[in-house]
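Asks: So I've got this file, structure_6.txt, and it contains compact mmCIF, C-alpha atoms:
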```txt
# COMPACT_ATOMS: atom_id res chain seq x y z
CA MET A 352 13.09 50.73 28.77
CA ALA A 353 11.27 48.64 26.17
CA ILE A 354 9.00 45.89 27.41
CA ASP A 355 9.35 42.49 25.77
CA LYS A 356 5.70 41.62 25.15
CA THR A 357 6.55 38.09 24.04
CA SER A 358 7.83 37.28 27.52
CA ALA A 359 4.96 38.92 29.39
CA PRO A 360 2.74 36.39 31.19
CA THR A 361 -0.66 35.81 29.64
CA THR A 362 -3.93 35.72 31.56
CA ALA A 363 -4.01 31.93 31.18
CA GLN A 364 -0.48 31.68 32.62
CA THR A 365 -1.14 33.94 35.61
CA GLU A 366 -4.51 32.37 36.42
CA SER A 367 -4.14 29.61 38.99
CA MET A 368 -5.54 26.16 38.29
CA PRO A 369 -8.21 26.37 41.04
CA GLU A 370 -9.43 29.70 39.67
CA ALA A 371 -9.59 28.31 36.11
CA ARG A 372 -11.53 25.30 37.30
CA THR A 373 -13.95 27.47 39.25
CA ARG A 374 -14.63 29.57 36.17
CA ALA A 375 -15.13 26.45 34.04
CA GLU A 376 -17.57 25.02 36.56
CA ALA A 377 -19.50 28.29 36.60
CA ASP A 378 -19.72 28.22 32.80
CA VAL A 379 -21.13 24.69 32.90
CA VAL A 380 -23.69 25.66 35.55
CA LEU A 381 -24.78 28.62 33.43
CA LYS A 382 -25.21 26.44 30.32
CA SER A 383 -27.20 23.94 32.40
CA LEU A 384 -29.44 26.72 33.70
CA GLU A 385 -30.10 27.92 30.14
CA ALA A 386 -30.89 24.35 29.05
CA LEU A 387 -33.27 23.95 31.98
CA ALA A 388 -35.00 27.21 31.01
CA ASP A 389 -35.42 25.98 27.42
CA TYR A 390 -36.81 22.68 28.69
CA GLN A 391 -39.34 24.31 31.00
CA SER A 392 -40.40 26.76 28.28
CA MET A 393 -41.80 23.71 26.46
CA GLY A 394 -43.93 22.85 29.48
CA LEU A 395 -41.60 20.12 30.70
CA SER A 396 -40.30 19.74 34.24
CA SER A 397 -36.75 19.66 35.57
CA ARG A 398 -37.45 16.11 36.77
CA GLU A 399 -38.14 15.03 33.18
CA LEU A 400 -34.89 16.65 32.04
CA MET A 401 -32.92 14.86 34.75
CA GLY A 402 -34.57 11.59 33.75
CA GLU A 403 -33.50 12.12 30.14
CA LEU A 404 -29.94 12.93 31.19
CA GLN A 405 -29.73 9.92 33.50
CA THR A 406 -30.90 7.68 30.67
CA LEU A 407 -28.21 9.07 28.37
CA GLU A 408 -25.59 8.77 31.10
CA SER A 409 -26.56 5.12 31.58
CA GLU A 410 -26.28 4.52 27.84
CA ALA A 411 -22.84 6.15 27.75
CA ARG A 412 -21.66 3.84 30.53
CA TYR A 413 -23.11 0.79 28.77
CA HIS A 414 -21.47 1.80 25.47
CA ALA A 415 -18.06 2.37 27.07
CA THR A 416 -18.21 -0.92 28.97
CA LYS A 417 -19.25 -2.86 25.88
CA LEU A 418 -16.39 -1.49 23.80
CA GLY A 419 -13.88 -1.70 26.63
CA GLN A 420 -12.01 1.26 25.17
CA ILE A 421 -13.29 4.32 27.04
CA LYS A 422 -12.32 4.20 30.71
CA GLU A 423 -13.15 7.69 31.93
CA LYS A 424 -16.78 8.61 32.51
CA GLY A 425 -16.32 12.14 31.11
CA LYS A 426 -14.77 10.83 27.91
CA ALA A 427 -17.58 8.30 27.51
CA LEU A 428 -20.16 11.07 27.77
CA SER A 429 -18.26 13.28 25.31
CA SER A 430 -17.94 10.41 22.86
CA MET A 431 -21.67 9.72 22.99
CA ALA A 432 -22.52 13.43 22.65
CA ALA A 433 -20.38 13.53 19.49
CA ASP A 434 -22.29 10.53 18.13
CA LEU A 435 -25.64 12.21 18.78
CA ARG A 436 -24.49 15.41 17.07
CA LEU A 437 -23.50 13.30 14.05
CA VAL A 438 -27.00 11.78 13.99
CA ASP A 439 -28.57 15.23 14.20
CA LYS A 440 -26.59 16.44 11.18
CA VAL A 441 -27.65 13.40 9.15
CA ILE A 442 -31.30 13.69 10.15
CA GLU A 443 -31.31 17.43 9.42
CA LYS A 444 -29.92 16.69 5.96
CA HIS A 445 -32.93 14.46 5.34
CA GLY A 446 -35.40 17.04 6.64
CA PHE A 447 -36.41 15.08 9.77
CA LYS A 448 -38.58 12.87 7.53
CA ARG A 449 -39.73 9.57 9.00
CA ASN A 450 -39.62 7.84 5.60
CA ALA A 451 -35.88 8.63 5.45
CA LEU A 452 -35.17 6.16 8.27
CA ILE A 453 -33.25 3.66 6.13
CA GLN A 454 -31.13 6.36 4.49
CA VAL A 455 -30.41 7.93 7.88
CA LEU A 456 -29.21 4.56 9.17
CA LEU A 457 -27.06 4.06 6.06
CA ASP A 458 -25.48 7.51 6.35
CA VAL A 459 -24.72 7.12 10.04
CA GLN A 460 -23.21 3.67 9.56
CA ALA A 461 -21.08 4.94 6.67
CA THR A 462 -19.31 7.12 9.24
CA LYS A 463 -19.51 4.97 12.39
CA ARG A 464 -19.19 1.57 10.63
CA TRP A 465 -21.89 0.20 12.99
CA LEU A 466 -25.03 1.29 14.86
CA PRO A 467 -24.62 1.52 18.65
CA ARG A 468 -27.68 1.27 20.86
CA HIS A 469 -27.66 4.94 21.88
CA ILE A 470 -27.62 6.01 18.22
CA LEU A 471 -30.70 3.90 17.47
CA MET A 472 -32.45 5.41 20.49
CA TRP A 473 -31.61 8.94 19.35
CA ILE A 474 -32.76 8.29 15.78
CA ALA A 475 -36.07 6.96 17.12
CA ARG A 476 -36.52 10.05 19.25
CA ARG A 477 -35.54 12.57 16.58
CA LEU A 478 -37.76 11.02 13.90
CA ASP A 479 -40.56 10.25 16.37
CA VAL A 480 -40.50 6.61 15.29
CA PRO A 481 -40.97 3.68 17.73
CA LEU A 482 -37.60 2.27 18.81
CA SER A 483 -38.91 -1.20 17.97
CA ARG A 484 -39.36 -0.07 14.35
CA VAL A 485 -35.80 1.27 14.18
CA TYR A 486 -34.45 -2.04 15.51
CA GLU A 487 -36.65 -3.96 13.09
CA VAL A 488 -35.12 -2.14 10.11
CA ALA A 489 -31.56 -2.31 11.48
CA GLN A 490 -31.82 -6.07 12.05
CA PHE A 491 -33.60 -6.89 8.79
CA TYR A 492 -31.04 -5.50 6.31
CA GLU A 493 -27.64 -7.17 6.14
CA ALA A 494 -26.04 -3.81 5.34
CA PHE A 495 -26.48 -2.78 8.98
CA SER A 496 -24.44 -3.98 11.91
CA LEU A 497 -25.34 -3.74 15.59
CA LYS A 498 -21.84 -4.84 16.56
CA PRO A 499 -18.57 -2.86 16.19
CA ARG A 500 -16.89 -3.31 12.83
CA GLY A 501 -13.27 -2.83 11.86
CA LYS A 502 -11.87 -0.20 9.52
CA HIS A 503 -12.02 -2.75 6.70
CA THR A 504 -14.65 -5.34 5.81
CA VAL A 505 -13.37 -8.70 4.55
CA GLN A 506 -15.89 -10.92 2.76
CA VAL A 507 -15.45 -14.48 1.54
CA CYS A 508 -18.10 -15.82 -0.83
CA THR A 509 -19.34 -19.36 -0.12
CA GLY A 510 -22.01 -19.45 -2.83
CA THR A 511 -22.27 -22.53 -5.09
CA SER A 512 -19.63 -21.50 -7.64
CA CYS A 513 -17.15 -20.48 -4.96
CA TYR A 514 -17.97 -23.41 -2.70
CA VAL A 515 -17.09 -26.04 -5.29
CA ARG A 516 -13.81 -24.19 -5.89
CA HIS A 517 -12.69 -24.52 -2.27
CA ALA A 518 -14.25 -21.39 -0.73
CA PRO A 519 -14.44 -23.08 2.72
CA GLU A 520 -10.67 -23.51 2.64
CA LEU A 521 -10.25 -19.86 1.61
CA LEU A 522 -12.51 -18.74 4.46
CA SER A 523 -10.54 -20.87 6.93
CA THR A 524 -7.23 -19.42 5.69
CA VAL A 525 -8.43 -15.83 5.91
CA GLY A 526 -9.79 -16.47 9.41
CA ALA A 527 -6.47 -17.97 10.48
CA VAL A 528 -4.51 -15.00 9.12
CA LEU A 529 -6.77 -12.54 10.96
CA GLY A 530 -7.14 -14.70 14.05
CA ILE A 531 -10.94 -14.41 14.02
CA LYS A 532 -14.05 -16.32 12.93
CA PRO A 533 -16.76 -15.16 10.49
CA GLY A 534 -18.84 -12.42 12.12
CA GLU A 535 -15.98 -11.29 14.37
CA THR A 536 -13.69 -8.25 14.40
CA ASP A 537 -10.00 -8.39 15.28
CA ALA A 538 -8.75 -6.85 18.53
CA GLY A 539 -7.16 -3.90 16.74
CA MET A 540 -10.50 -3.00 15.10
CA ASN A 541 -8.81 -3.26 11.69
CA TYR A 542 -10.80 -6.05 10.02
CA THR A 543 -14.26 -7.58 10.25
CA LEU A 544 -14.65 -10.99 8.60
CA GLN A 545 -17.92 -11.93 6.91
CA GLU A 546 -19.13 -15.05 5.10
CA VAL A 547 -21.48 -14.08 2.26
CA HIS A 548 -23.50 -16.16 -0.19
CA CYS A 549 -22.90 -14.22 -3.39
CA LEU A 550 -20.64 -11.39 -4.52
CA GLY A 551 -21.85 -11.44 -8.12
CA CYS A 552 -18.54 -12.39 -9.74
CA CYS A 553 -18.64 -16.17 -10.07
CA ALA A 554 -16.00 -16.20 -12.83
CA LEU A 555 -13.39 -15.23 -10.20
CA ALA A 556 -14.36 -18.02 -7.79
CA PRO A 557 -13.40 -18.44 -5.04
CA VAL A 558 -13.65 -14.74 -4.26
CA LEU A 559 -12.20 -12.64 -1.47
CA LYS A 560 -13.47 -9.06 -1.19
CA ILE A 561 -11.72 -6.45 0.94
CA ASP A 562 -13.80 -3.28 1.15
CA GLU A 563 -14.56 -2.60 -2.54
CA ALA A 564 -11.69 -4.62 -4.05
CA TYR A 565 -12.26 -8.16 -5.42
CA HIS A 566 -9.55 -10.85 -5.41
CA GLY A 567 -10.05 -14.11 -7.27
CA ASP A 568 -8.54 -17.30 -5.80
CA PRO A 569 -5.72 -15.52 -3.89
CA SER A 570 -2.75 -17.52 -2.66
CA TYR A 571 -1.78 -17.70 1.00
CA LYS A 572 1.07 -15.24 0.37
CA GLN A 573 -1.30 -12.80 -1.34
CA ILE A 574 -3.78 -13.07 1.52
CA LYS A 575 -1.04 -12.29 4.06
CA GLU A 576 0.02 -9.25 2.04
CA LEU A 577 -3.52 -7.99 1.51
CA LEU A 578 -4.45 -8.30 5.18
CA LYS A 579 -1.55 -6.46 6.73
CA THR A 580 -2.68 -4.05 9.46
CA ASP A 581 -2.20 -0.32 9.04
CA GLY A 582 0.82 -0.43 11.32
CA GLU A 583 2.46 -3.22 9.32
CA LYS A 584 1.84 -1.37 6.06
CA GLU A 585 3.59 1.67 7.44
```
Have the structure of the file written as structure tokens, please.

Replies:
Amino acid sequence: MAIDKTSAPTTAQTESMPEARTRAEADVVLKSLEALADYQSMGLSSRELMGELQTLESEARYHATKLGQIKEKGKALSSMAADLRLVDKVIEKHGFKRNALIQVLLDVQATKRWLPRHILMWIARRLDVPLSRVYEVAQFYEAFSLKPRGKHTVQVCTGTSCYVRHAPELLSTVGAVLGIKPGETDAGMNYTLQEVHCLGCCALAPVLKIDEAYHGDPSYKQIKELLKTDGEKE
């Protein structure tokens, strides 16, 4: 009699949940033991390793609480670990050079859209640069943001040329459509509104810029259409 292999139970199907969990726990313990061995091979103690892990765990909890989006502790830790791996890839691309700090920050923000506290701490550690120096650079340049940003950046110019052509009214209208004030991000993390002093295209005044697209003196109807959320566009 032929045996139907497609209907035969797999190992995963026959293995009970408690057994699977026990095996998973054992795998984690083994990885931890290997990590501890690597740490001690550098002349460092297990207490120092636990201190490092506790610091990262605290940062993960702070990050999750600040965003209000990650409820489970395990997911918060996984999310932060993914962020740190991203930083490592960027830093490796720049050869772990200290003078590449600004470019590292730019590359990380290009992906994350902002610079969380734990990312700045990790960059400082990886490049062996004082954390105060990393914060100094991140706070000095307007290109960097230490607060979460939306998928899209909306900028309204209030420079002289735009101002005299009713830029304040344009800024107020855009803010009303999005339901936020300059410097804020909407609840859906779709748009971040910024007031800027020059976009370099005075002939179009007043100017609204959404990501890389410029819009000169848009009407209320155009603004509503341009600022539809991803769900509305679908």

Asks: To one decimal place in Å, what is the distance between atom CA of A:Ala432 and atom CA of A:Ile453?

Replies: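 The value is 22.0 Å.
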
Asks: Between atom CA of A:His414 and atom CA of A:Ser397, measure the distance and give it in Å to one decimal.

Replies: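 Atom CA of A:Ser397 lies at a distance of 25.6 Å from atom CA of A:His414.
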
Asks: What does the distance between atom CA of A:Leu387 and atom CA of A:Glu403 come to in Å, to one decimal place?

Replies: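 Computing the Euclidean distance for atom CA of A:Leu387 and atom CA of A:Glu403 yields 12.0 Å.
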
Asks: Select, counting all atoms listed in the file, all protein, DNA and RNA residues no farther than 9 Å from (-15.3, -22.3, -7.7) in file coordinates, and express the selection as a PyMOL selection string.

Replies: chain A and resi 510-518+553-558+568

Asks: Got a sec: who's within 12 Å of A:His566, counting all atoms listed in the file, leaving out chain neighbours fewer than 2 positions off, as a list in words?

Replies: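 The residues satisfying every condition are Val505, Gln506, Val507, Cys508, Leu521, Leu550, Cys552, Cys553, Ala554, Leu555, Ala556, Pro557, Val558, Leu559, Lys560, Ile561, Asp562, Glu563, Ala564, Asp568, Pro569, Ser570, Gln573, Ile574 and Leu577 of chain A.
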
Asks: Could you turn the residues from that selection into a file that holds C-alpha atoms, as an mmCIF file, keeping the file's coordinate frame?

Replies:
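Final output, saved to again-v9.cif:
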```cif
data_model
loop_
_atom_site.group_PDB
_atom_site.id
_atom_site.type_symbol
_atom_site.label_atom_id
_atom_site.label_comp_id
_atom_site.auth_asym_id
_atom_site.auth_seq_id
_atom_site.Cartn_x
_atom_site.Cartn_y
_atom_site.Cartn_z
ATOM 1 C CA VAL A 505 -13.370 -8.700 4.550
ATOM 2 C CA GLN A 506 -15.890 -10.920 2.760
ATOM 3 C CA VAL A 507 -15.450 -14.480 1.540
ATOM 4 C CA CYS A 508 -18.100 -15.820 -0.830
ATOM 5 C CA LEU A 521 -10.250 -19.860 1.610
ATOM 6 C CA LEU A 550 -20.640 -11.390 -4.520
ATOM 7 C CA CYS A 552 -18.540 -12.390 -9.740
ATOM 8 C CA CYS A 553 -18.640 -16.170 -10.070
ATOM 9 C CA ALA A 554 -16.000 -16.200 -12.830
ATOM 10 C CA LEU A 555 -13.390 -15.230 -10.200
ATOM 11 C CA ALA A 556 -14.360 -18.020 -7.790
ATOM 12 C CA PRO A 557 -13.400 -18.440 -5.040
ATOM 13 C CA VAL A 558 -13.650 -14.740 -4.260
ATOM 14 C CA LEU A 559 -12.200 -12.640 -1.470
ATOM 15 C CA LYS A 560 -13.470 -9.060 -1.190
ATOM 16 C CA ILE A 561 -11.720 -6.450 0.940
ATOM 17 C CA ASP A 562 -13.800 -3.280 1.150
ATOM 18 C CA GLU A 563 -14.560 -2.600 -2.540
ATOM 19 C CA ALA A 564 -11.690 -4.620 -4.050
ATOM 20 C CA ASP A 568 -8.540 -17.300 -5.800
ATOM 21 C CA PRO A 569 -5.720 -15.520 -3.890
ATOM 22 C CA SER A 570 -2.750 -17.520 -2.660
ATOM 23 C CA GLN A 573 -1.300 -12.800 -1.340
ATOM 24 C CA ILE A 574 -3.780 -13.070 1.520
ATOM 25 C CA LEU A 577 -3.520 -7.990 1.510
#
```

Asks: Could you give me, as a list of chain:residue names, the residues within 12 Å of A:Glu493, counting only C-alpha atoms and dropping anything in the same chain fewer than 2 positions from it?

Replies: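 That gives A:Leu457, A:Trp465, A:Glu487, A:Val488, A:Ala489, A:Gln490, A:Phe491, A:Phe495, A:Ser496, A:Leu497, A:Gly534, A:Gln545, A:Glu546, A:Val547, A:His548.
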
Asks: Around all of stretch 397-406 of chain A's listed atoms, make the axis-aligned box with 6 Å on each side and tell me centre and edge lengths in Å to one decimal, as JSON.

Replies:
```
{"center_x": -33.9, "center_y": 13.7, "center_z": 33.5, "size_x": 20.4, "size_y": 24.0, "size_z": 18.6}
```

Asks: Considering all atoms listed in the file, return as a list in words whatever protein or nucleic-acid residues lie within 12 Å of A:Leu435, sequence-local ones (same chain, fewer than 6 positions apart) excluded.

Replies: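 Using all atoms listed in the file, the neighbours found are Leu407, Glu410, Ala411, Leu428, Ser429, Val441, Ile442, Val459, Lys463, Leu466, Pro467, Arg468, His469, Ile470, Leu471, Met472, Trp473, Ile474, Ala475, Arg476 and Arg477 of chain A.
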
Asks: Can you write just those residues out, C-alpha atoms, as a PDB file, keeping the file's coordinate frame?

Replies:
```pdb
ATOM      1  CA  LEU A 407     -28.210   9.070  28.370  1.00  0.00           C
ATOM      2  CA  GLU A 410     -26.280   4.520  27.840  1.00  0.00           C
ATOM      3  CA  ALA A 411     -22.840   6.150  27.750  1.00  0.00           C
ATOM      4  CA  LEU A 428     -20.160  11.070  27.770  1.00  0.00           C
ATOM      5  CA  SER A 429     -18.260  13.280  25.310  1.00  0.00           C
ATOM      6  CA  VAL A 441     -27.650  13.400   9.150  1.00  0.00           C
ATOM      7  CA  ILE A 442     -31.300  13.690  10.150  1.00  0.00           C
ATOM      8  CA  VAL A 459     -24.720   7.120  10.040  1.00  0.00           C
ATOM      9  CA  LYS A 463     -19.510   4.970  12.390  1.00  0.00           C
ATOM     10  CA  LEU A 466     -25.030   1.290  14.860  1.00  0.00           C
ATOM     11  CA  PRO A 467     -24.620   1.520  18.650  1.00  0.00           C
ATOM     12  CA  ARG A 468     -27.680   1.270  20.860  1.00  0.00           C
ATOM     13  CA  HIS A 469     -27.660   4.940  21.880  1.00  0.00           C
ATOM     14  CA  ILE A 470     -27.620   6.010  18.220  1.00  0.00           C
ATOM     15  CA  LEU A 471     -30.700   3.900  17.470  1.00  0.00           C
ATOM     16  CA  MET A 472     -32.450   5.410  20.490  1.00  0.00           C
ATOM     17  CA  TRP A 473     -31.610   8.940  19.350  1.00  0.00           C
ATOM     18  CA  ILE A 474     -32.760   8.290  15.780  1.00  0.00           C
ATOM     19  CA  ALA A 475     -36.070   6.960  17.120  1.00  0.00           C
ATOM     20  CA  ARG A 476     -36.520  10.050  19.250  1.00  0.00           C
ATOM     21  CA  ARG A 477     -35.540  12.570  16.580  1.00  0.00           C
TER      22      ARG A 477
END
```
